[in-house]
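entry-v6.txt follows; it contains compact mmCIF, C-alpha atoms.
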```txt
# COMPACT_ATOMS: atom_id res chain seq x y z
CA MET A 1 91.95 53.47 62.79
CA ARG A 2 93.06 55.38 65.84
CA ILE A 3 92.68 59.15 65.94
CA PRO A 4 95.60 60.92 67.57
CA VAL A 5 94.70 62.62 70.84
CA VAL A 6 96.47 65.80 69.81
CA LEU A 7 93.98 66.57 67.02
CA PRO A 8 90.80 66.72 69.16
CA VAL A 9 92.59 68.74 71.81
CA ALA A 10 93.75 71.25 69.19
CA MET A 11 90.23 71.61 67.74
CA LEU A 12 88.74 72.13 71.20
CA ALA A 13 91.27 74.81 72.00
CA LEU A 14 90.58 76.56 68.70
CA ALA A 15 86.82 76.60 69.40
CA LEU A 16 87.35 78.03 72.87
CA LEU A 17 89.52 80.84 71.48
CA ALA A 18 87.20 81.64 68.59
CA ARG A 19 84.11 82.11 70.80
CA PRO A 20 85.40 85.15 72.77
CA ALA A 21 86.68 86.69 69.58
CA ARG A 22 83.26 86.31 67.93
CA ALA A 23 81.55 87.67 71.05
CA GLN A 24 83.91 90.61 71.04
CA GLU A 25 83.07 91.26 67.37
CA GLN A 26 79.32 91.12 68.01
CA GLY A 27 79.54 93.13 71.21
CA GLY A 28 78.38 90.26 73.35
CA LEU A 29 80.92 90.91 76.09
CA GLY A 30 80.83 94.68 75.75
CA LEU A 31 84.62 94.92 75.88
CA ASP A 32 86.97 96.78 73.62
CA LEU A 33 90.57 95.78 74.17
CA SER A 34 91.95 97.62 71.16
CA SER A 35 94.48 100.29 71.91
CA GLU A 36 93.58 103.91 71.22
CA THR A 37 95.59 105.67 68.56
CA SER A 38 95.47 109.27 67.40
CA SER A 39 96.52 110.58 64.03
CA GLN A 40 99.39 113.04 64.07
CA GLU A 41 99.48 116.12 61.90
CA SER A 42 102.58 117.14 60.06
CA PRO A 43 104.59 119.86 61.83
CA SER A 44 103.65 122.37 59.13
CA GLU A 45 99.91 121.90 59.88
CA GLN A 46 100.20 122.22 63.67
CA PRO A 47 100.21 125.49 65.64
CA GLY A 48 103.75 126.35 66.63
CA GLY A 49 104.99 123.16 64.96
CA GLN A 50 102.97 120.75 67.19
CA ASP A 51 99.39 120.26 68.37
CA MET A 52 98.79 119.85 72.06
CA GLY A 53 96.56 116.78 71.52
CA LEU A 54 94.40 117.72 74.51
CA ASP A 55 90.73 118.73 74.60
CA LEU A 56 89.70 120.13 77.98
CA ARG A 57 86.21 121.28 77.04
CA ALA A 58 83.10 120.15 78.89
CA GLU A 59 81.26 117.14 77.45
CA ASP A 60 77.93 118.96 76.99
CA GLU A 61 78.71 121.67 74.45
CA ASN A 62 75.03 122.69 74.15
CA ALA A 63 74.77 123.74 77.80
CA VAL A 64 75.23 127.47 78.35
CA SER A 65 78.16 127.91 80.71
CA LEU A 66 78.61 131.18 82.54
CA THR A 67 82.30 130.50 83.15
CA PRO A 68 84.59 132.72 81.01
CA ARG A 69 85.77 131.08 77.78
CA PHE A 70 89.55 130.73 77.55
CA ILE A 71 91.33 130.13 74.25
CA LEU A 72 95.03 129.52 73.76
CA VAL A 73 95.80 130.66 70.22
CA GLY A 74 99.14 128.86 70.02
CA LEU A 75 102.86 129.07 70.70
CA ASP A 76 105.27 130.97 68.48
CA THR A 77 108.69 129.20 68.47
CA PRO A 78 111.27 130.89 66.22
CA GLU A 79 114.12 128.52 67.26
CA ARG A 80 114.16 124.87 66.27
CA ALA A 81 114.91 123.69 69.79
CA GLY A 82 111.80 125.40 71.06
CA SER A 83 109.68 124.11 68.19
CA GLN A 84 110.54 120.51 69.10
CA GLN A 85 109.01 121.07 72.57
CA ALA A 86 106.00 123.08 71.40
CA SER A 87 103.40 120.36 71.99
CA VAL A 88 104.61 119.82 75.56
CA TRP A 89 104.51 123.54 76.28
CA LEU A 90 101.01 123.93 74.84
CA ARG A 91 99.75 121.07 76.96
CA GLU A 92 101.30 122.45 80.14
CA LEU A 93 100.04 125.99 79.52
CA ALA A 94 96.50 124.75 78.89
CA LYS A 95 96.56 122.61 82.03
CA GLY A 96 97.87 125.54 84.04
CA ALA A 97 95.04 127.82 82.85
CA MET A 98 92.38 125.17 83.52
CA SER A 99 93.81 124.35 86.95
CA SER A 100 92.59 127.75 88.12
CA GLY A 101 89.00 126.51 87.90
CA MET A 102 87.94 129.97 86.72
CA VAL A 103 87.70 129.38 82.96
CA ASP A 104 86.26 126.98 80.40
CA PHE A 105 88.38 125.63 77.56
CA GLY A 106 87.02 127.19 74.35
CA ALA A 107 88.88 125.57 71.46
CA SER A 108 92.09 123.73 70.67
CA PRO A 109 94.89 125.46 68.70
CA ARG A 110 94.01 123.30 65.72
CA GLU A 111 90.40 124.55 65.75
CA VAL A 112 91.61 128.11 66.26
CA ARG A 113 93.80 127.83 63.15
CA GLU A 114 90.89 126.49 61.10
CA ARG A 115 88.51 129.21 62.21
CA LEU A 116 90.89 132.14 61.83
CA GLU A 117 92.32 130.83 58.55
CA ALA A 118 94.50 133.53 56.95
CA ASN A 119 94.37 135.71 60.07
CA TYR A 120 95.88 133.02 62.30
CA ASP A 121 99.56 133.95 61.87
CA ALA A 122 98.86 137.61 62.64
CA ALA A 123 96.88 136.66 65.77
CA LEU A 124 99.61 134.25 66.92
CA ARG A 125 102.27 136.96 66.81
CA CYS A 126 100.07 139.78 68.11
CA THR A 127 100.85 141.38 71.47
CA GLN A 128 98.50 144.39 71.39
CA ALA A 129 94.79 144.82 72.11
CA SER A 130 94.26 146.42 68.70
CA CYS A 131 95.02 143.17 66.86
CA LEU A 132 93.70 140.72 69.47
CA ALA A 133 90.21 142.23 69.72
CA GLU A 134 89.04 140.89 66.36
CA PRO A 135 90.20 137.27 66.92
CA ALA A 136 88.60 137.31 70.39
CA GLU A 137 85.33 138.48 68.86
CA SER A 138 85.49 135.88 66.07
CA LEU A 139 86.24 133.05 68.51
CA ASP A 140 83.87 134.38 71.20
CA ALA A 141 86.73 134.21 73.69
CA ASP A 142 86.49 136.13 76.95
CA LEU A 143 90.18 135.55 77.65
CA LEU A 144 92.52 135.02 74.69
CA THR A 145 96.18 134.04 75.21
CA THR A 146 99.01 133.93 72.71
CA ALA A 147 102.55 132.90 73.70
CA ARG A 148 106.12 132.91 72.38
CA LEU A 149 109.03 130.70 73.43
CA SER A 150 112.33 132.13 72.21
CA LEU A 151 115.97 132.62 73.08
CA GLU A 152 116.57 136.12 74.49
CA ASP A 153 119.46 137.86 76.28
CA ALA A 154 118.36 136.39 79.61
CA GLY A 155 118.20 132.89 78.10
CA TRP A 156 115.15 130.87 77.12
CA THR A 157 112.07 133.02 77.80
CA LEU A 158 108.37 132.35 77.59
CA ARG A 159 106.15 135.40 77.13
CA ALA A 160 102.36 135.04 77.36
CA TRP A 161 99.97 137.83 76.40
CA THR A 162 96.39 137.50 77.68
CA TYR A 163 93.69 139.72 76.20
CA ASP A 164 90.78 140.62 78.52
CA ARG A 165 87.82 141.10 76.21
CA ASP A 166 85.67 142.82 78.84
CA LYS A 167 88.15 145.62 79.51
CA GLY A 168 89.99 145.60 76.18
CA VAL A 169 93.47 145.35 77.76
CA VAL A 170 96.42 142.96 77.40
CA HIS A 171 98.32 141.47 80.37
CA GLU A 172 101.85 140.08 79.88
CA ASP A 173 103.51 137.28 81.87
CA VAL A 174 107.24 136.45 81.51
CA VAL A 175 109.13 133.37 82.69
CA SER A 176 112.81 132.49 82.00
CA GLY A 177 114.60 129.14 82.22
CA ARG A 178 117.67 127.17 81.20
CA ASN A 179 116.26 125.20 78.25
CA PRO A 180 112.86 124.32 76.74
CA LYS A 181 113.02 120.75 78.08
CA ASP A 182 113.28 121.85 81.70
CA ALA A 183 110.12 120.57 83.47
CA ALA A 184 110.48 123.16 86.26
CA PHE A 185 110.61 125.88 83.64
CA GLN A 186 107.41 124.56 82.05
CA GLN A 187 105.65 124.21 85.38
CA GLU A 188 106.54 127.77 86.42
CA ALA A 189 105.06 129.16 83.19
CA ALA A 190 101.89 127.06 83.64
CA THR A 191 101.49 128.25 87.23
CA LYS A 192 101.88 131.88 86.22
CA LEU A 193 99.22 131.55 83.52
CA GLY A 194 96.91 129.84 86.02
CA ASN A 195 97.35 132.75 88.42
CA ARG A 196 96.50 135.13 85.60
CA MET A 197 93.25 133.25 84.98
CA MET A 198 92.49 133.45 88.70
CA ALA A 199 92.86 137.22 88.56
CA LEU A 200 90.85 137.82 85.38
CA GLY A 201 88.25 135.06 85.39
CA ARG A 202 84.82 136.36 86.39
CA PRO A 203 81.54 134.43 86.09
CA ARG A 204 79.43 135.70 83.23
CA ALA A 205 75.72 136.59 83.23
CA LEU A 206 73.13 135.30 80.78
CA LEU A 207 70.86 137.83 79.07
CA LYS A 208 67.90 136.51 77.10
CA VAL A 209 65.85 138.96 75.01
CA SER A 210 62.60 137.83 73.39
CA VAL A 211 61.15 140.24 70.83
CA ASN A 212 58.05 140.04 68.62
CA VAL A 213 59.80 141.56 65.57
CA PRO A 214 62.19 139.12 63.83
CA THR A 215 64.18 141.94 62.20
CA ALA A 216 64.81 143.89 65.42
CA VAL A 217 68.46 144.60 66.28
CA VAL A 218 69.40 143.95 69.91
CA LYS A 219 72.31 145.86 71.43
CA ALA A 220 73.90 145.81 74.87
CA GLY A 221 75.76 149.07 75.23
CA GLU A 222 77.78 149.43 72.00
CA ARG A 223 77.85 145.67 71.34
CA ILE A 224 75.37 144.18 68.86
CA LEU A 225 74.06 140.90 70.28
CA GLY A 226 72.07 139.82 67.23
CA VAL A 227 68.80 140.12 65.32
CA GLY A 228 65.44 139.02 66.70
CA SER A 229 65.28 137.00 69.92
CA VAL A 230 68.82 136.48 71.24
CA GLU A 231 70.66 134.88 74.14
CA ALA A 232 74.09 136.19 75.11
CA ARG A 233 76.74 135.75 77.79
CA LEU A 234 77.79 139.14 79.12
CA PRO A 235 80.11 140.42 81.84
CA PRO A 236 78.34 141.29 85.10
CA GLY A 237 77.43 144.89 85.72
CA THR A 238 74.95 147.52 84.55
CA VAL A 239 74.24 147.62 80.83
CA GLN A 240 71.73 149.48 78.65
CA VAL A 241 69.75 147.17 76.39
CA GLU A 242 68.36 148.74 73.21
CA VAL A 243 66.03 147.04 70.72
CA SER A 244 65.31 148.88 67.46
CA ALA A 245 63.69 148.16 64.10
CA ASP A 246 62.52 150.16 61.12
CA GLU A 247 59.00 151.60 61.49
CA TYR A 248 58.86 150.56 65.16
CA ALA A 249 59.34 152.59 68.33
CA SER A 250 62.68 151.77 69.98
CA PHE A 251 62.82 149.95 73.30
CA THR A 252 65.48 150.89 75.89
CA ARG A 253 66.02 149.55 79.37
CA THR A 254 68.89 149.53 81.87
CA VAL A 255 69.59 146.06 83.25
CA THR A 256 71.84 145.04 86.15
CA LEU A 257 73.54 141.69 85.46
CA LYS A 258 74.78 139.70 88.43
CA PRO A 259 77.72 137.23 88.28
CA GLY A 260 76.29 133.83 87.38
CA GLY A 261 72.78 135.30 87.13
CA ARG A 262 70.21 135.09 84.34
CA GLU A 263 68.09 137.97 83.13
CA GLU A 264 65.17 137.76 80.70
CA LEU A 265 63.45 140.60 78.84
CA GLU A 266 60.13 140.29 77.00
CA VAL A 267 59.96 143.09 74.42
CA ARG A 268 56.73 143.95 72.59
CA MET A 269 57.52 146.54 69.94
CA GLU A 270 54.79 148.82 68.53
CA ILE A 271 54.61 150.61 65.21
CA SER A 272 55.73 154.23 65.56
CA GLY A 273 53.51 157.21 64.54
CA PRO A 274 49.75 157.79 65.02
CA ALA A 275 47.45 154.82 65.23
CA PRO A 276 45.50 153.86 62.07
CA GLU A 277 42.29 155.84 61.66
CA GLY A 278 39.06 153.96 62.31
CA PRO A 279 35.63 154.73 60.76
CA GLU A 280 34.47 156.65 63.84
CA ASP A 281 37.64 158.75 63.87
CA ALA A 282 37.22 159.64 60.19
CA VAL A 283 33.59 160.72 60.69
CA ALA A 284 34.46 162.82 63.74
CA ARG A 285 37.30 164.49 61.86
CA GLN A 286 35.03 165.37 58.90
CA VAL A 287 32.31 166.73 61.20
CA ALA A 288 34.85 168.86 63.07
CA LYS A 289 36.21 170.15 59.80
CA ARG A 290 32.73 171.13 58.64
CA GLY A 291 32.00 172.72 62.01
CA ARG A 292 35.01 174.99 61.74
CA GLY A 293 33.88 176.29 58.32
CA THR A 294 35.80 178.63 56.02
CA PRO A 295 37.40 181.70 57.66
CA ILE A 296 35.27 184.83 57.10
CA TYR A 297 38.05 186.75 55.35
CA LYS A 298 38.23 184.00 52.70
CA ARG A 299 34.54 184.23 51.77
CA PRO A 300 33.24 186.48 48.90
CA ALA A 301 30.24 187.67 50.93
CA PHE A 302 32.63 189.45 53.28
CA TYR A 303 33.93 191.61 50.45
CA THR A 304 30.48 192.29 48.94
CA ALA A 305 29.37 193.45 52.37
CA LEU A 306 32.29 195.90 52.39
CA VAL A 307 31.31 197.17 48.94
CA GLY A 308 27.71 197.65 50.12
CA LEU A 309 28.88 199.60 53.15
CA ALA A 310 31.06 201.77 50.92
CA ALA A 311 28.08 202.45 48.66
CA VAL A 312 25.97 203.41 51.66
CA GLY A 313 28.71 205.78 52.83
CA VAL A 314 28.99 207.47 49.42
CA GLY A 315 25.19 207.79 49.27
CA ALA A 316 25.15 209.40 52.70
CA VAL A 317 27.80 211.94 51.61
CA LEU A 318 25.94 212.78 48.43
CA GLY A 319 22.62 213.06 50.32
CA LYS A 320 24.19 215.47 52.77
CA GLY A 321 25.44 217.63 49.91
CA ALA A 322 21.97 217.68 48.33
CA LYS A 323 20.49 218.63 51.69
CA ASP A 324 22.89 221.55 51.94
CA VAL A 325 21.84 222.84 48.50
CA GLU A 326 18.22 222.41 49.44
CA GLY A 327 18.79 224.45 52.59
CA ARG A 328 20.25 227.31 50.57
CA ALA A 329 17.40 227.27 47.99
CA LYS A 330 15.53 230.16 49.67
CA ASP A 331 14.94 233.87 48.98
CA ALA A 332 16.85 235.19 51.91
CA ASP A 333 17.14 238.83 50.63
CA GLY A 334 13.49 239.09 49.51
CA ASP A 335 14.30 240.07 45.92
CA GLY A 336 12.02 237.38 44.53
CA MET A 337 14.88 235.11 43.41
CA LEU A 338 16.36 231.98 45.06
CA ASP A 339 19.89 232.18 46.37
CA VAL A 340 21.02 229.16 44.29
CA SER A 341 21.24 228.91 40.57
CA ARG A 342 19.08 226.67 38.48
CA LYS A 343 22.11 224.47 37.63
CA GLU A 344 22.99 223.99 41.32
CA ARG A 345 19.42 223.05 42.02
CA LEU A 346 19.37 220.45 39.21
CA ASP A 347 22.74 219.03 40.30
CA ALA A 348 21.48 218.76 43.88
CA GLN A 349 18.41 216.92 42.66
CA SER A 350 20.61 214.45 40.74
CA GLN A 351 22.83 213.95 43.80
CA ALA A 352 19.75 213.29 45.91
CA ASN A 353 18.50 210.67 43.46
CA LEU A 354 21.97 209.04 43.29
CA ALA A 355 22.29 209.12 47.06
CA THR A 356 18.94 207.41 47.40
CA ALA A 357 19.97 204.70 44.92
CA LEU A 358 23.32 204.15 46.64
CA LEU A 359 21.72 203.97 50.07
CA ILE A 360 19.08 201.47 48.95
CA GLY A 361 21.41 199.38 46.80
CA GLY A 362 24.33 199.44 49.23
CA GLY A 363 22.01 198.63 52.12
CA ALA A 364 20.52 195.70 50.21
CA VAL A 365 23.96 194.33 49.26
CA THR A 366 25.20 194.74 52.80
CA ALA A 367 22.18 193.06 54.31
CA GLY A 368 22.32 190.21 51.83
CA SER A 369 26.05 189.64 52.38
CA VAL A 370 25.74 189.69 56.16
CA THR A 371 22.79 187.30 55.93
CA TRP A 372 24.85 184.97 53.75
CA LEU A 373 27.75 185.06 56.21
CA LEU A 374 25.47 184.13 59.09
CA VAL A 375 23.25 181.57 57.37
CA VAL A 376 25.89 179.43 55.62
CA PRO A 377 27.96 178.58 58.78
CA SER A 378 24.78 177.53 60.56
CA ARG A 379 24.24 174.87 57.87
CA SER A 380 27.78 173.48 58.38
CA GLU A 381 27.61 173.08 62.14
CA VAL A 382 27.34 169.70 63.86
CA PRO A 383 23.70 168.57 63.71
CA THR A 384 21.94 169.18 66.98
CA PRO A 385 19.72 166.52 68.53
CA ALA A 386 15.95 166.74 68.05
CA GLY A 387 14.14 168.97 70.55
CA THR A 388 16.97 171.51 70.87
CA VAL A 389 17.25 174.93 69.29
CA SER A 390 20.43 176.07 67.52
CA ALA A 391 21.43 179.60 68.53
CA GLY A 392 23.11 180.19 65.16
CA ALA A 393 19.99 179.17 63.26
CA ALA A 394 17.79 181.47 65.35
CA THR A 395 20.09 184.41 64.65
CA ALA A 396 20.08 183.72 60.92
CA VAL A 397 16.28 183.57 60.75
CA HIS A 398 16.01 186.79 62.71
CA VAL A 399 18.29 188.63 60.25
CA VAL A 400 16.36 187.38 57.25
CA VAL A 401 12.99 188.37 58.68
CA GLY A 402 14.09 191.76 59.97
CA GLY A 403 16.39 192.75 57.13
CA SER A 404 15.96 195.16 54.27
CA PHE A 405 14.30 192.62 52.01
```
So, in terms of structure tokens, how does the structure I just supplied come out?
Amino acid sequence: MRIPVVLPVAMLALALLARPARAQEQGGLGLDLSSETSSQESPSEQPGGQDMGLDLRAEDENAVSLTPRFILVGLDTPERAGSQQASVWLRELAKGAMSSGMVDFGASPREVRERLEANYDAALRCTQASCLAEPAESLDADLLTTARLSLEDAGWTLRAWTYDRDKGVVHEDVVSGRNPKDAAFQQEAATKLGNRMMALGRPRALLKVSVNVPTAVVKAGERILGVGSVEARLPPGTVQVEVSADEYASFTRTVTLKPGGREELEVRMEISGPAPEGPEDAVARQVAKRGRGTPIYKRPAFYTALVGLAAVGVGAVLGKGAKDVEGRAKDADGDGMLDVSRKERLDAQSQANLATALLIGGGAVTAGSVTWLLVVPSRSEVPTPAGTVSAGAATAVHVVVGGSF
């Protein structure tokens, strides 16, 4: 039986074709010949009716870039003819901004819509700093642009509003053309937006603040950078950095940020108020308190001493009166009778006895009170080292020994 030649040839050809296909499946050749396709969103889901389909961001998103972040919010196209060309216009405007080399692409219009959610439509149609500041803060955009392509009195007109986050102002660029499909019209608008980026784009500065308190709030001027250790991209210039936290002393420093430079601050916050009291401090405070003693006018002995002095004074007055009566108890006229009556003489004798009692008692009370005032403080003073003599103690002993007792 003869085998037709065609059959072996066909089987050989099939084997040769199958081998590259299997190698391609297993990655043996490392080739991928499949064509790239991208899913298209419906016009209702795309900014301005179309998505630009272009991502111009740097490959390494984790690297900290000091180039200003540029975000194109989208394109407002009220007329249908303009809406049909929205994707082309978005692509050209983005390329024009990036051609300046002064900005980094922050996010695509699709991502902007997802992040702003319900606030997207308001941001897309906003032309004032008051309503563009919040989207710029939310998107962390240094330069935020929103545009509108519409039919005006002068014909088809593109208006682009660029918000400068550093200065809080909006710059407007206007370009007019014959129709939205005109390539020269598109290129002129892209060039104008690129020139705007050239004028506004400034290299940022990186500020890194390391703090030992995780709950500390870090501010640069009026802007809150975050809580705890933070890293932020800021416009160049002089800025006051403030770090504050409850129960800690605030930290403030003025820092000069240079374009493209990096500045680091190491902050060690300390608890505010007096330092905690140690054992030695407590002992010293108690000893000092004892050494000061109670004020003399707050001590009872002071007032008993005053009473004793008053008694001594009254006794002296009464004694003087008795002495006067005694001086008159004479027979001056020689008639054999004293010049004072018996009653006056008895009263004078009583006054003399009372004066003696008041003088002795008042003197004793006064001496005892004064001794008490002097002796008690000497016991409260700081103990003196051995071998030394306390002047207060010597005075107290002297009063006790030489007093009225």
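In this model, the gap between atom CA of Lys208 of chain A and atom CA of Arg233 of chain A comes to 8.9 Å.
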**OP:** Can you pull out every residue within 10 Å of Ser250 of chain A, counting all atoms listed in the file, but drop anything in the same chain fewer than 4 positions away, and send it as a PyMOL selection string?
**Re:** chain A and resi 216-217+242-246+269-272
**OP:** Counting only C-alpha atoms, figure out which residue out of A:Glu264, A:Glu134, A:Ala123, A:Asn179 gets nearest to Gln84 of chain A.
**Re:**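 Under the stated criterion, the closest residue is A:Asn179.
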Original post:
Taking into account only C-alpha atoms, which residue in the set A:Pro180, A:Gly101, A:Pro109, A:Gly362 is nearest to Leu200 of chain A?
Top reply: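 Looking only at the distances to Leu200 of chain A, the closest residue turns out to be A:Gly101.
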**OP:** Rank A:Leu234, A:Leu116, A:Leu309, A:Met98 by their smallest atom-to-atom distance to Arg165 of chain A, using only C-alpha atoms, and report the top residue only.
**Re:** A:Leu234
**OP:** One decimal, Å: what's the distance from atom CA of Ala97 of chain A over to atom CA of Arg202 of chain A, could you say?
**Re:** 13.8 Å
Subject >> Closest of A:Ala364, A:Val170, A:Val375, A:Ala147 to Ser130 of chain A - atom-to-atom distances counting only C-alpha atoms >> reply: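 Among A:Ala364, A:Val170, A:Val375, A:Ala147, it is A:Val170 that comes nearest to Ser130 of chain A.
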Take segment 78-90 of chain A from the preceding structure and save N, CA, C and O atoms as a CSV table (one decimal), in the first residue's frame.
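Everything below was put into part35.csv:
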```
chain,number,residue,atom,x,y,z
A,78,PRO,N,-20.8,72.2,25.7
A,78,PRO,CA,-22.2,72.3,25.7
A,78,PRO,C,-22.8,71.8,24.3
A,78,PRO,O,-23.9,71.2,24.3
A,79,GLU,N,-22.1,72.1,23.2
A,79,GLU,CA,-22.6,71.8,21.9
A,79,GLU,C,-22.2,70.4,21.5
A,79,GLU,O,-21.1,69.9,21.8
A,80,ARG,N,-23.0,69.7,20.7
A,80,ARG,CA,-22.8,68.4,20.3
A,80,ARG,C,-21.5,68.2,19.4
A,80,ARG,O,-20.8,67.3,19.5
A,81,ALA,N,-21.3,69.2,18.6
A,81,ALA,CA,-20.2,69.2,17.7
A,81,ALA,C,-18.9,69.2,18.5
A,81,ALA,O,-17.9,68.6,18.1
A,82,GLY,N,-18.9,70.0,19.5
A,82,GLY,CA,-17.7,70.1,20.3
A,82,GLY,C,-17.5,68.8,21.2
A,82,GLY,O,-16.4,68.3,21.4
A,83,SER,N,-18.6,68.2,21.6
A,83,SER,CA,-18.5,67.0,22.4
A,83,SER,C,-17.9,65.8,21.6
A,83,SER,O,-17.2,65.0,22.2
A,84,GLN,N,-18.2,65.8,20.3
A,84,GLN,CA,-17.7,64.7,19.5
A,84,GLN,C,-16.1,64.8,19.4
A,84,GLN,O,-15.5,63.8,19.1
A,85,GLN,N,-15.6,66.0,19.6
A,85,GLN,CA,-14.1,66.2,19.5
A,85,GLN,C,-13.5,66.3,20.8
A,85,GLN,O,-12.3,66.7,20.9
A,86,ALA,N,-14.2,66.0,21.9
A,86,ALA,CA,-13.7,66.3,23.3
A,86,ALA,C,-12.4,65.5,23.6
A,86,ALA,O,-11.5,66.0,24.1
A,87,SER,N,-12.4,64.2,23.2
A,87,SER,CA,-11.2,63.3,23.5
A,87,SER,C,-10.0,63.9,22.8
A,87,SER,O,-8.9,63.9,23.4
A,88,VAL,N,-10.1,64.3,21.6
A,88,VAL,CA,-9.0,64.9,20.8
A,88,VAL,C,-8.5,66.2,21.5
A,88,VAL,O,-7.3,66.3,21.7
A,89,TRP,N,-9.4,67.0,21.9
A,89,TRP,CA,-9.0,68.2,22.6
A,89,TRP,C,-8.3,68.0,23.9
A,89,TRP,O,-7.3,68.6,24.3
A,90,LEU,N,-8.8,67.0,24.7
A,90,LEU,CA,-8.2,66.7,26.0
A,90,LEU,C,-6.8,66.2,25.8
A,90,LEU,O,-5.9,66.6,26.5
```
